[in-house]
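To keep things clear, I will list the structure first and then write my remarks on it.
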Amino acid sequence: MRLILNVIWLVLCGWWMALLYALAGIICFILIITIPFGIAAMRIAGYVLWPFGRSIEVRRDAGLASVIGNIIWIVLIGWWLAIGHLTAGVTLCLTIIGIPLGFANFKMIPISLIPLGVRVVDSDERYPGYR
């Protein structure tokens with residue numbers, strides 16, 4: 001089921017969302033001081049490309065720099081991304097076939113708000129007995 005949902009996601013909205021996140025990451029890499037944001041944008045791009053069967057996990061050893069970076073991220077672009085995922089999620093949930101895709105958009109709101117100090121893991125790794 002994950003494969004089917006991921007393929008539908010990829011065709012309908014995953015490729016362009018991942019492309020935009022990757023473009024933002026490249027811009028952040030060019031502006032040398034924002035390289036940590038570029039790394040986070042690339043991590044989100046990979047997650048957005050193939051979201052089903054994966055989840056995010058907070059790294060407890062992230063430290064103060066990630067907190068400060070997350071505050072800057074939220075103020076500058078995080079809340080725009082969260083609103084975009086919320087709007088896309090609500091719109092997708094209006095159709096029956098789009099409900100799982102809408103929930104995937106809702107699942108992306110936390111990482112679009114706070115990308116530093118988290119990692120993307122397989123659901124099997126996070127929940128060992130889950131399948």
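Just remember, in the structure tokens the first chain shown is A, the second B, etc., residues are 1-based per chain, and ligands are 1-based in the order shown.
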Handout entry: range 4-6 of chain A surroundings by only C-alpha atoms, 8 Å radius, close-in-sequence under 3 positions cut, as a VMD selection string
Key = chain A and resid 1 9 to 10 50 to 52 100 to 101
If you keep N, CA, C and O atoms, can you produce a file of those selected residues as a PDB file, in the first residue's frame?
```
ATOM      1  N   MET A   1       0.817  -1.194   0.000  1.00  0.00           N
ATOM      2  CA  MET A   1       0.000   0.000   0.000  1.00  0.00           C
ATOM      3  C   MET A   1       0.864   1.264   0.000  1.00  0.00           C
ATOM      4  O   MET A   1       0.519   2.253  -0.617  1.00  0.00           O
ATOM      5  N   TRP A   9       1.398   9.950  -4.827  1.00  0.00           N
ATOM      6  CA  TRP A   9       1.920  11.191  -4.261  1.00  0.00           C
ATOM      7  C   TRP A   9       2.965  11.804  -5.194  1.00  0.00           C
ATOM      8  O   TRP A   9       2.939  13.000  -5.461  1.00  0.00           O
ATOM      9  N   LEU A  10       3.884  10.978  -5.671  1.00  0.00           N
ATOM     10  CA  LEU A  10       4.962  11.453  -6.532  1.00  0.00           C
ATOM     11  C   LEU A  10       4.406  12.075  -7.808  1.00  0.00           C
ATOM     12  O   LEU A  10       4.843  13.149  -8.223  1.00  0.00           O
ATOM     13  N   TRP A  50       9.013  11.107  -1.114  1.00  0.00           N
ATOM     14  CA  TRP A  50       8.557   9.737  -0.841  1.00  0.00           C
ATOM     15  C   TRP A  50       8.142   9.647   0.633  1.00  0.00           C
ATOM     16  O   TRP A  50       8.838   9.041   1.434  1.00  0.00           O
ATOM     17  N   PRO A  51       6.989  10.222   1.038  1.00  0.00           N
ATOM     18  CA  PRO A  51       6.677  10.363   2.462  1.00  0.00           C
ATOM     19  C   PRO A  51       6.055   9.149   3.153  1.00  0.00           C
ATOM     20  O   PRO A  51       6.198   8.995   4.369  1.00  0.00           O
ATOM     21  N   PHE A  52       5.362   8.310   2.420  1.00  0.00           N
ATOM     22  CA  PHE A  52       4.644   7.215   3.079  1.00  0.00           C
ATOM     23  C   PHE A  52       5.622   6.140   3.533  1.00  0.00           C
ATOM     24  O   PHE A  52       6.500   5.727   2.798  1.00  0.00           O
ATOM     25  N   PRO A 100      -5.661  10.408   1.899  1.00  0.00           N
ATOM     26  CA  PRO A 100      -4.332  10.012   2.389  1.00  0.00           C
ATOM     27  C   PRO A 100      -3.243  11.019   2.019  1.00  0.00           C
ATOM     28  O   PRO A 100      -2.313  11.249   2.777  1.00  0.00           O
ATOM     29  N   LEU A 101      -3.384  11.651   0.852  1.00  0.00           N
ATOM     30  CA  LEU A 101      -2.408  12.653   0.439  1.00  0.00           C
ATOM     31  C   LEU A 101      -2.528  13.907   1.297  1.00  0.00           C
ATOM     32  O   LEU A 101      -1.527  14.551   1.624  1.00  0.00           O
TER      33      LEU A 101
END
```
Exercise for the section: Identify all residues of chain A in helix (DSSP H, G or I) (DSSP on the backbone) and supply them as a PyMOL selection string. Expected result: chain A and resi 2-30+32-49+64-93+99-107+109-113+123-126
Practice task
Check range 2-127 of chain A with DSSP on the backbone and list each residue it calls strand (DSSP E), as a ChimeraX atom specification.
Solution key: /A:54-58,118-122
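Residues surrounding Gly98 in chain A within 12 Å are A:Leu5, A:Ile8, A:Trp9, A:Leu12, A:Cys13, A:Ala88, A:Gly89, A:Val90, A:Thr91, A:Leu92, A:Cys93, A:Leu94, A:Thr95, A:Leu101, A:Gly102, A:Phe103, A:Ala104, A:Asn105 [only C-alpha atoms; sequence separation below 3 positions excluded].
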